[in-house]
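Visitor: My file is model_10.txt. It has compact mmCIF, C-alpha atoms and all ligand atoms:
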```txt
# COMPACT_ATOMS: atom_id res chain seq x y z
CA MET A 1 11.49 2.33 -25.57
CA SER A 2 12.57 -0.15 -22.88
CA GLU A 3 10.08 -2.24 -21.01
CA VAL A 4 9.33 -1.67 -17.33
CA LEU A 5 8.17 -4.86 -15.62
CA VAL A 6 5.29 -4.29 -13.22
CA ILE A 7 4.56 -7.20 -10.88
CA ALA A 8 0.77 -7.33 -10.83
CA GLU A 9 -1.35 -8.24 -7.83
CA THR A 10 -4.80 -9.55 -8.66
CA THR A 11 -7.78 -10.74 -6.63
CA ALA A 12 -11.11 -12.27 -7.63
CA ALA A 13 -12.34 -8.68 -7.99
CA GLY A 14 -9.62 -7.81 -10.55
CA VAL A 15 -6.35 -5.89 -10.47
CA ARG A 16 -5.49 -4.29 -7.11
CA LYS A 17 -5.24 -0.50 -6.99
CA PRO A 18 -1.52 -0.45 -6.02
CA THR A 19 -0.75 -2.28 -9.29
CA LEU A 20 -2.62 0.40 -11.26
CA GLU A 21 -0.47 2.98 -9.43
CA LEU A 22 2.69 1.06 -10.46
CA LEU A 23 1.55 1.05 -14.10
CA THR A 24 1.04 4.82 -13.89
CA ALA A 25 4.48 5.37 -12.32
CA ALA A 26 6.13 2.99 -14.82
CA ARG A 27 5.14 5.23 -17.73
CA ALA A 28 7.79 7.76 -16.58
CA LEU A 29 10.48 5.13 -17.24
CA GLY A 30 9.39 3.24 -20.34
CA GLU A 31 6.70 0.89 -21.62
CA PRO A 32 4.83 -0.84 -18.77
CA ALA A 33 4.66 -4.63 -19.11
CA ALA A 34 2.68 -6.44 -16.41
CA VAL A 35 3.68 -9.81 -14.97
CA VAL A 36 0.62 -11.80 -13.88
CA PHE A 37 1.02 -14.99 -11.86
CA GLY A 38 -1.49 -17.62 -12.92
CA GLU A 39 -4.23 -17.14 -15.47
CA ALA A 40 -4.51 -13.66 -16.97
CA SER A 41 -8.27 -13.44 -17.60
CA ASP A 42 -9.65 -11.16 -20.33
CA ALA A 43 -10.96 -8.82 -17.62
CA VAL A 44 -7.53 -8.59 -15.94
CA VAL A 45 -5.75 -8.00 -19.27
CA ALA A 46 -8.32 -5.30 -20.19
CA GLN A 47 -7.85 -3.53 -16.85
CA LEU A 48 -4.04 -3.66 -17.14
CA GLY A 49 -4.35 -2.23 -20.68
CA GLU A 50 -6.62 0.54 -19.46
CA TYR A 51 -3.75 1.74 -17.22
CA GLY A 52 -1.07 1.58 -19.89
CA ALA A 53 0.27 -1.99 -19.97
CA THR A 54 1.49 -2.61 -23.51
CA LYS A 55 2.29 -6.25 -22.73
CA VAL A 56 1.16 -8.87 -20.25
CA TYR A 57 3.39 -11.79 -19.26
CA ALA A 58 1.18 -14.56 -17.92
CA VAL A 59 3.32 -16.88 -15.81
CA ASN A 60 2.26 -20.46 -16.39
CA ALA A 61 3.56 -22.47 -13.44
CA ALA A 62 1.29 -24.09 -10.89
CA GLU A 63 4.06 -23.76 -8.30
CA VAL A 64 3.76 -19.96 -8.02
CA GLY A 65 0.61 -20.42 -5.98
CA ASP A 66 1.81 -23.43 -4.01
CA TYR A 67 5.02 -22.09 -2.52
CA LEU A 68 6.17 -18.87 -0.88
CA SER A 69 7.87 -16.10 -2.84
CA LEU A 70 10.76 -18.04 -4.42
CA PRO A 71 8.94 -19.36 -7.52
CA LYS A 72 7.66 -15.85 -8.20
CA ALA A 73 11.19 -14.46 -7.93
CA GLU A 74 12.46 -17.13 -10.33
CA ALA A 75 9.70 -16.30 -12.81
CA VAL A 76 10.51 -12.57 -12.72
CA VAL A 77 14.24 -13.27 -13.16
CA GLN A 78 13.48 -15.49 -16.17
CA ILE A 79 11.27 -12.83 -17.79
CA ALA A 80 13.83 -10.10 -17.07
CA GLY A 81 16.47 -12.23 -18.80
CA THR A 82 14.66 -11.99 -22.14
CA ALA A 83 12.76 -8.68 -21.77
CA ASN A 84 15.86 -6.78 -20.56
CA PRO A 85 13.72 -4.17 -18.76
CA VAL A 86 15.01 -0.81 -17.56
CA ALA A 87 13.27 -1.36 -14.21
CA ILE A 88 11.15 -3.80 -12.22
CA LEU A 89 8.42 -2.22 -10.07
CA VAL A 90 6.84 -4.09 -7.17
CA THR A 91 4.28 -2.97 -4.58
CA SER A 92 5.83 -2.44 -1.13
CA GLY A 93 4.45 -5.06 1.22
CA PRO A 94 5.78 -8.17 2.92
CA GLU A 95 5.59 -10.41 -0.17
CA GLY A 96 6.51 -7.70 -2.68
CA LYS A 97 9.66 -6.80 -0.77
CA ASP A 98 10.61 -10.45 -0.40
CA VAL A 99 10.26 -11.06 -4.15
CA ALA A 100 12.04 -7.79 -5.02
CA ALA A 101 15.04 -8.50 -2.78
CA ARG A 102 15.51 -11.99 -4.25
CA VAL A 103 15.19 -10.67 -7.80
CA ALA A 104 17.73 -7.90 -7.16
CA VAL A 105 20.28 -10.35 -5.76
CA ARG A 106 19.89 -12.73 -8.69
CA LEU A 107 20.10 -9.96 -11.31
CA ASN A 108 22.93 -8.21 -9.44
CA SER A 109 20.77 -5.07 -9.56
CA GLY A 110 20.46 -2.00 -7.40
CA ILE A 111 17.30 -1.97 -5.29
CA VAL A 112 15.37 0.86 -3.62
CA PRO A 113 12.56 -0.07 -1.22
CA ASP A 114 9.51 2.05 -0.30
CA ALA A 115 9.92 4.59 -3.11
CA THR A 116 7.29 7.26 -3.66
CA VAL A 117 8.42 8.63 -7.05
CA VAL A 118 10.41 7.17 -9.95
CA ALA A 119 11.98 9.09 -12.81
CA LEU A 120 14.68 8.88 -15.46
CA ASP A 121 17.76 11.08 -15.09
CA GLY A 122 20.42 10.88 -17.81
CA GLY A 123 19.33 7.35 -18.68
CA ASN A 124 19.49 6.12 -15.07
CA VAL A 125 16.48 5.37 -12.93
CA VAL A 126 16.10 7.65 -9.92
CA ALA A 127 13.86 6.71 -7.02
CA THR A 128 12.68 9.02 -4.24
CA GLN A 129 12.04 7.76 -0.71
CA THR A 130 10.48 9.61 2.20
CA VAL A 131 12.69 8.87 5.20
CA PHE A 132 13.00 9.75 8.90
CA ALA A 133 9.22 9.73 9.45
CA GLY A 134 8.57 12.00 6.51
CA ARG A 135 11.13 14.68 7.42
CA TRP A 136 13.56 14.01 4.53
CA GLN A 137 13.33 13.00 0.90
CA ALA A 138 16.18 10.80 -0.35
CA ARG A 139 16.83 10.53 -4.09
CA SER A 140 18.88 7.54 -5.25
CA GLN A 141 20.23 6.85 -8.69
CA ILE A 142 20.32 3.17 -9.54
CA VAL A 143 23.42 2.62 -11.60
CA ARG A 144 23.32 -1.17 -11.90
CA GLY A 145 20.20 -2.48 -13.49
CA PRO A 146 17.56 -3.39 -14.18
CA ALA A 147 16.57 -1.11 -11.29
CA VAL A 148 14.44 -2.99 -8.78
CA ILE A 149 12.06 -0.69 -6.90
CA THR A 150 9.29 -1.36 -4.44
CA MET A 151 6.76 1.49 -4.34
CA ARG A 152 4.54 2.49 -1.45
CA PRO A 153 0.82 2.12 -2.14
CA ASN A 154 -0.99 5.48 -2.42
CA ALA A 155 2.24 7.37 -3.17
CA THR A 156 0.92 8.16 -6.63
CA SER A 157 -2.61 8.17 -8.00
CA ALA A 158 -3.61 5.68 -10.66
CA GLU A 159 -4.34 7.38 -13.98
CA ALA A 160 -5.74 5.57 -17.00
CA ALA A 161 -3.82 5.66 -20.33
CA ALA A 162 -5.38 3.16 -22.68
CA ALA A 163 -3.16 0.59 -24.40
CA SER A 164 -3.90 -2.74 -26.10
CA PRO A 165 -1.59 -5.24 -24.46
CA SER A 166 -0.32 -8.35 -26.19
CA VAL A 167 -0.34 -11.43 -23.95
CA GLU A 168 2.67 -13.75 -23.76
CA THR A 169 2.39 -16.96 -21.79
CA VAL A 170 5.68 -17.73 -20.03
CA ASP A 171 6.43 -21.31 -19.03
CA VAL A 172 8.58 -21.31 -15.93
CA ALA A 173 10.44 -24.35 -14.66
CA VAL A 174 10.60 -23.76 -10.93
CA SER A 175 13.78 -25.12 -9.33
CA GLU A 176 13.74 -27.68 -6.52
CA ALA A 177 15.50 -25.14 -4.31
CA ALA A 178 12.50 -22.82 -4.63
CA LYS A 179 10.18 -25.49 -3.28
CA GLY A 180 11.56 -25.53 0.24
CA ALA A 181 8.43 -24.21 1.96
CA LYS A 182 5.07 -25.37 0.60
CA ILE A 183 1.80 -23.66 1.46
CA THR A 184 -0.29 -26.43 2.98
CA SER A 185 -3.53 -24.58 3.63
CA ARG A 186 -5.14 -21.21 3.21
CA GLU A 187 -7.84 -19.67 5.32
CA PRO A 188 -9.66 -16.65 3.95
CA LYS A 189 -9.68 -13.68 6.28
CA VAL A 190 -13.12 -13.06 7.71
CA SER A 191 -14.36 -10.04 5.81
CA THR A 192 -15.40 -7.00 7.82
CA GLY A 193 -17.32 -5.76 4.80
CA ARG A 194 -15.25 -2.57 4.99
CA PRO A 195 -12.85 -1.38 2.29
CA GLU A 196 -9.17 -2.38 2.46
CA LEU A 197 -7.27 0.22 4.54
CA THR A 198 -4.69 1.11 1.87
CA ASP A 199 -7.26 1.21 -0.96
CA ALA A 200 -10.02 3.16 0.84
CA ALA A 201 -11.16 6.62 -0.25
CA VAL A 202 -12.21 7.42 3.32
CA VAL A 203 -10.42 6.29 6.51
CA VAL A 204 -11.64 6.81 10.08
CA ALA A 205 -8.81 6.26 12.56
CA GLY A 206 -8.83 6.14 16.33
CA GLY A 207 -6.10 6.71 18.91
CA ARG A 208 -5.57 6.33 22.63
CA GLY A 209 -8.31 8.91 23.17
CA VAL A 210 -10.94 6.19 22.53
CA GLY A 211 -10.07 5.01 26.05
CA SER A 212 -10.52 1.24 25.70
CA GLU A 213 -11.28 -1.64 23.33
CA GLU A 214 -15.01 -0.99 23.88
CA GLY A 215 -14.40 2.70 23.25
CA PHE A 216 -12.81 1.85 19.89
CA ALA A 217 -16.19 0.56 18.66
CA VAL A 218 -17.30 4.11 17.87
CA ILE A 219 -14.50 4.30 15.27
CA GLY A 220 -16.00 1.30 13.43
CA GLN A 221 -19.50 2.75 13.69
CA THR A 222 -18.33 6.07 12.24
CA ALA A 223 -16.48 4.23 9.47
CA ASP A 224 -19.61 2.25 8.61
CA ALA A 225 -21.71 5.44 8.47
CA LEU A 226 -19.21 6.90 5.98
CA GLY A 227 -18.45 3.68 4.03
CA ALA A 228 -14.87 4.01 5.27
CA ALA A 229 -11.99 1.77 6.32
CA VAL A 230 -10.86 1.71 9.96
CA GLY A 231 -7.35 2.79 10.97
CA ALA A 232 -5.61 3.09 14.33
CA SER A 233 -2.58 4.58 16.01
CA ARG A 234 0.15 2.28 17.27
CA THR A 235 -0.91 2.88 20.86
CA VAL A 236 -4.26 1.34 20.04
CA THR A 237 -2.85 -1.68 18.25
CA ASP A 238 -0.16 -2.21 20.92
CA GLN A 239 -2.93 -2.30 23.54
CA HIS A 240 -4.80 -4.87 21.36
CA TRP A 241 -7.82 -2.58 21.13
CA ALA A 242 -7.60 -3.13 17.35
CA PRO A 243 -5.60 -5.57 15.18
CA HIS A 244 -2.08 -4.61 14.09
CA GLU A 245 -3.07 -4.71 10.42
CA LEU A 246 -5.03 -1.48 11.06
CA GLN A 247 -2.01 0.49 12.28
CA VAL A 248 -1.28 3.62 10.28
CA GLY A 249 2.18 5.17 10.39
CA GLN A 250 5.89 4.72 10.01
CA THR A 251 5.82 1.12 11.19
CA GLY A 252 2.26 0.50 9.98
CA LYS A 253 0.47 1.21 6.73
CA THR A 254 0.69 4.30 4.56
CA VAL A 255 -2.63 5.70 3.45
CA ALA A 256 -3.55 8.70 1.29
CA PRO A 257 -7.35 8.70 1.13
CA SER A 258 -9.52 11.60 0.01
CA LEU A 259 -10.68 11.96 3.62
CA TYR A 260 -8.80 10.95 6.81
CA LEU A 261 -10.74 11.45 10.01
CA ALA A 262 -8.50 11.08 13.07
CA ALA A 263 -10.15 10.90 16.49
CA GLY A 264 -8.22 10.85 19.76
CA ILE A 265 -4.85 10.76 17.97
CA SER A 266 -2.24 13.29 19.14
CA GLY A 267 -0.25 13.46 15.90
CA ALA A 268 3.16 11.97 16.71
CA ILE A 269 5.59 12.21 13.78
CA GLN A 270 5.50 8.43 13.37
CA HIS A 271 1.72 8.50 12.90
CA ARG A 272 1.85 11.48 10.54
CA ALA A 273 4.34 9.61 8.34
CA GLY A 274 1.55 7.21 7.39
CA MET A 275 -1.27 9.67 6.68
CA GLN A 276 0.08 13.13 5.92
CA SER A 277 -0.54 12.78 2.17
CA SER A 278 -4.31 12.42 2.73
CA LYS A 279 -6.24 14.96 0.66
CA THR A 280 -8.53 16.26 3.44
CA ILE A 281 -7.72 15.71 7.11
CA VAL A 282 -10.32 16.08 9.86
CA VAL A 283 -9.16 15.95 13.48
CA VAL A 284 -11.29 15.38 16.57
CA ASN A 285 -9.36 15.88 19.81
CA LYS A 286 -10.25 17.28 23.19
CA ASP A 287 -6.87 19.03 23.46
CA PRO A 288 -6.77 22.14 21.22
CA LYS A 289 -2.95 21.96 21.32
CA ALA A 290 -2.78 18.42 19.87
CA PRO A 291 -0.08 18.55 17.13
CA LEU A 292 -2.32 16.83 14.55
CA PHE A 293 -4.43 20.02 14.37
CA GLN A 294 -1.46 21.56 12.48
CA LEU A 295 -2.17 19.18 9.59
CA ALA A 296 -5.97 19.45 9.79
CA ASP A 297 -8.18 20.98 7.12
CA PHE A 298 -11.04 20.84 9.62
CA GLY A 299 -10.78 20.39 13.37
CA VAL A 300 -13.23 19.76 16.16
CA VAL A 301 -12.09 20.36 19.74
CA GLY A 302 -14.19 18.01 21.81
CA ASP A 303 -14.76 14.58 23.29
CA LEU A 304 -14.79 12.03 20.47
CA HIS A 305 -17.42 10.01 22.35
CA LYS A 306 -19.79 12.96 21.88
CA VAL A 307 -18.60 14.28 18.51
CA LEU A 308 -18.59 10.97 16.60
CA PRO A 309 -22.10 9.81 17.68
CA ALA A 310 -23.40 13.27 16.67
CA LEU A 311 -21.65 12.85 13.29
CA ILE A 312 -23.16 9.37 12.82
CA ASP A 313 -26.63 10.79 13.58
CA GLU A 314 -26.17 13.63 11.12
CA VAL A 315 -24.90 11.31 8.36
CA GLY A 316 -27.90 9.04 9.00
CA LYS A 317 -30.32 11.97 8.68
CA ARG A 318 -28.73 13.18 5.46
CA LYS A 319 -28.81 9.69 3.96
CA GLY A 320 -32.53 9.89 4.73
C1 LIG B 1 10.11 3.65 16.13
C2 LIG B 1 8.68 4.07 16.38
C3 LIG B 1 7.73 3.78 15.43
C4 LIG B 1 6.40 4.16 15.63
N1 LIG B 1 5.47 3.87 14.67
C5 LIG B 1 4.21 4.33 14.82
C6 LIG B 1 3.23 4.11 13.79
O1 LIG B 1 3.47 3.47 12.77
N2 LIG B 1 2.00 4.60 14.01
C7 LIG B 1 1.65 5.31 15.13
O2 LIG B 1 0.49 5.72 15.24
N3 LIG B 1 2.55 5.50 16.12
C8 LIG B 1 3.81 5.02 15.99
N4 LIG B 1 4.70 5.20 17.01
C9 LIG B 1 4.20 5.72 18.30
C10 LIG B 1 4.08 7.23 18.33
O3 LIG B 1 5.31 7.82 18.69
C11 LIG B 1 2.99 7.66 19.34
O4 LIG B 1 3.33 7.14 20.62
C12 LIG B 1 1.59 7.19 18.99
O5 LIG B 1 1.30 7.53 17.64
C13 LIG B 1 0.59 7.89 19.91
O6 LIG B 1 -0.68 7.36 19.68
P1 LIG B 1 -1.97 8.20 20.06
O7 LIG B 1 -1.96 9.49 19.30
O8 LIG B 1 -3.12 7.28 19.88
O9 LIG B 1 -1.80 8.43 21.62
P2 LIG B 1 -1.45 9.73 22.43
O10 LIG B 1 -0.21 10.38 21.92
O11 LIG B 1 -1.48 9.36 23.87
O12 LIG B 1 -2.64 10.74 22.11
C14 LIG B 1 -3.96 10.53 22.53
C15 LIG B 1 -4.74 11.78 22.12
O13 LIG B 1 -6.11 11.57 22.42
C16 LIG B 1 -6.66 12.78 22.91
N5 LIG B 1 -7.85 12.41 23.66
C17 LIG B 1 -7.91 11.76 24.87
N6 LIG B 1 -9.20 11.53 25.20
C18 LIG B 1 -9.96 12.05 24.21
C19 LIG B 1 -11.36 12.12 23.97
N7 LIG B 1 -12.23 11.56 24.83
N8 LIG B 1 -11.79 12.72 22.86
C20 LIG B 1 -10.93 13.29 21.97
N9 LIG B 1 -9.57 13.24 22.13
C21 LIG B 1 -9.11 12.63 23.24
C22 LIG B 1 -5.55 13.40 23.73
O14 LIG B 1 -5.74 14.80 23.84
C23 LIG B 1 -4.33 13.04 22.88
O15 LIG B 1 -4.03 14.07 21.95
C24 LIG B 1 6.03 4.83 16.82
C25 LIG B 1 7.01 5.13 17.79
C26 LIG B 1 8.31 4.75 17.56
C27 LIG B 1 9.34 5.09 18.60
```
Translate this structure into structure tokens?
Ligand SMILES: Cc1cc2nc3c(=O)[nH]c(=O)nc-3n(C[C@H](O)[C@H](O)[C@H](O)COP(=O)(O)OP(=O)(O)OC[C@H]3O[C@@H](n4cnc5c(N)ncnc54)[C@H](O)[C@@H]3O)c2cc1C
Guide:
Amino acid sequence: MSEVLVIAETTAAGVRKPTLELLTAARALGEPAAVVFGEASDAVVAQLGEYGATKVYAVNAAEVGDYLSLPKAEAVVQIAGTANPVAILVTSGPEGKDVAARVAVRLNSGIVPDATVVALDGGNVVATQTVFAGRWQARSQIVRGPAVITMRPNATSAEAAAASPSVETVDVAVSEAAKGAKITSREPKVSTGRPELTDAAVVVAGGRGVGSEEGFAVIGQTADALGAAVGASRTVTDQHWAPHELQVGQTGKTVAPSLYLAAGISGAIQHRAGMQSSKTIVVVNKDPKAPLFQLADFGVVGDLHKVLPALIDEVGKRKG
């Protein structure tokens, strides 16, 4: 069976959930082989194996951390040259897409960005994308390979399938051309203590109905009561009531948590595109005709500034 290269993203806490989703999706195409930049610790290798990686390529080149995406692209191209994979899967995101595009150009491969499903059809890789704000599904067959595909986080759920990966250290000689832009400093983002929006099991999102930046605070308080991440509509982020990284939707992040609580969000198609795959959707809106109620499993018609504080109180009481 052919290998499927999965570009792994790791943090100090281990392998990121979107990578575990890629490993799950990769199993439909062949044998998942993870590419790890930097040291592949025993814990990282074990976690990759738990989700089906039969091989781990540990890229040994200091430069991958010192420069932007080019050294990573060169490393992936080098590995693909010997592994001859049927596909290369990357998480959709600014860096992932940058690496994927460069890899596809260098390998003369077909590329599909923002896929939600991958499958094999008559020996060719087929990728499905959700387009036009979720109204259409496009299926593309990649006829020149290895197929390079970036996959949206949360499009598939990560399922364990134990394997015992072998680890191969790959020495990569990074070209001078790839060293054009050096990272000179890094500043860790100040942690909110809340889960990452795209990884969270529960998301509480607020829209224009919060009324103001001060009014948005109740969204954070509700999220904290539920151990949730905070999301926002584009109206809110455009008004600077919340940072852009919290925007959910077509031009923001895609989430698919177990519970999505939307307060003061009308339900424009562009917002729905980023959250409609959530398992349970709860809507709080003072307008009973708000379109988002059509997607809701549970709805409350009312003023969010009354409903959410009552919810926080109730959660507090039940937590005891
Ligand atoms: C190309 C393009 C891309 C876009 N991408 C995105 C995207 O990624 N994400 C996104 O979100 N939008 C996106 N938009 C914008 C989108 O079309 C909507 O304008 C936006 O989602 C509306 O945000 P909203 O629901 O917060 O505001 P509104 O549509 O104004 O809705 C506010 C809602 O709050 C309710 N409300 C008011 N006061 C209260 C209260 N006190 N209590 C309870 N409810 C109350 C109202 O009844 C109303 O339903 C995009 C638009 C375009 C053209």
Visitor: Dump the neighbourhood of ligand LIG 1 (chain B) as a PyMOL selection string: all residues within 7 Å, distances computed on all atoms listed in the file.
Guide: chain A and resi 206-211+232-236+247-252+263-271+274+284-287+290+302-305
Visitor: Smallest atom-to-atom distance to A:Ala83: which of A:Thr54, A:Ser2, A:Thr237, A:Thr198, using only C-alpha atoms?
Guide: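 Of the candidates, the smallest distance to A:Ala83 is held by A:Ser2.
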Visitor: Restricting the calculation to only C-alpha atoms: of A:Leu197, A:Glu74, A:Arg16, A:Tyr260, which residue gets closest to A:His244?
Guide: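 For A:His244, the nearest of the given residues is A:Leu197.
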Visitor: Write out as a list in words which residues come within 10 Å of A:Ser175 when counting all atoms listed in the file, dropping same-chain ones fewer than 2 positions away.
Guide: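 After dropping sequence-adjacent residues, the list is Glu63, Leu70, Pro71, Glu74, Val172, Ala173, Ala177, Ala178, Lys179 and Gly180 of chain A.
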Visitor: Just to confirm, what's the straight-line distance from atom CA of A:Pro113 to atom CA of A:Ala181 in Å (one decimal)?
Guide: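 It comes out at 24.7 Å.
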Visitor: So that I can see what lies close to A:Leu107, please list as a ChimeraX atom specification the residues with an atom at most 12 Å from it, counting all atoms listed in the file and leaving out residues fewer than 3 positions away in the same chain.
Guide: /A:73-74,76-81,84-85,87-88,100-104,110-111,144-148
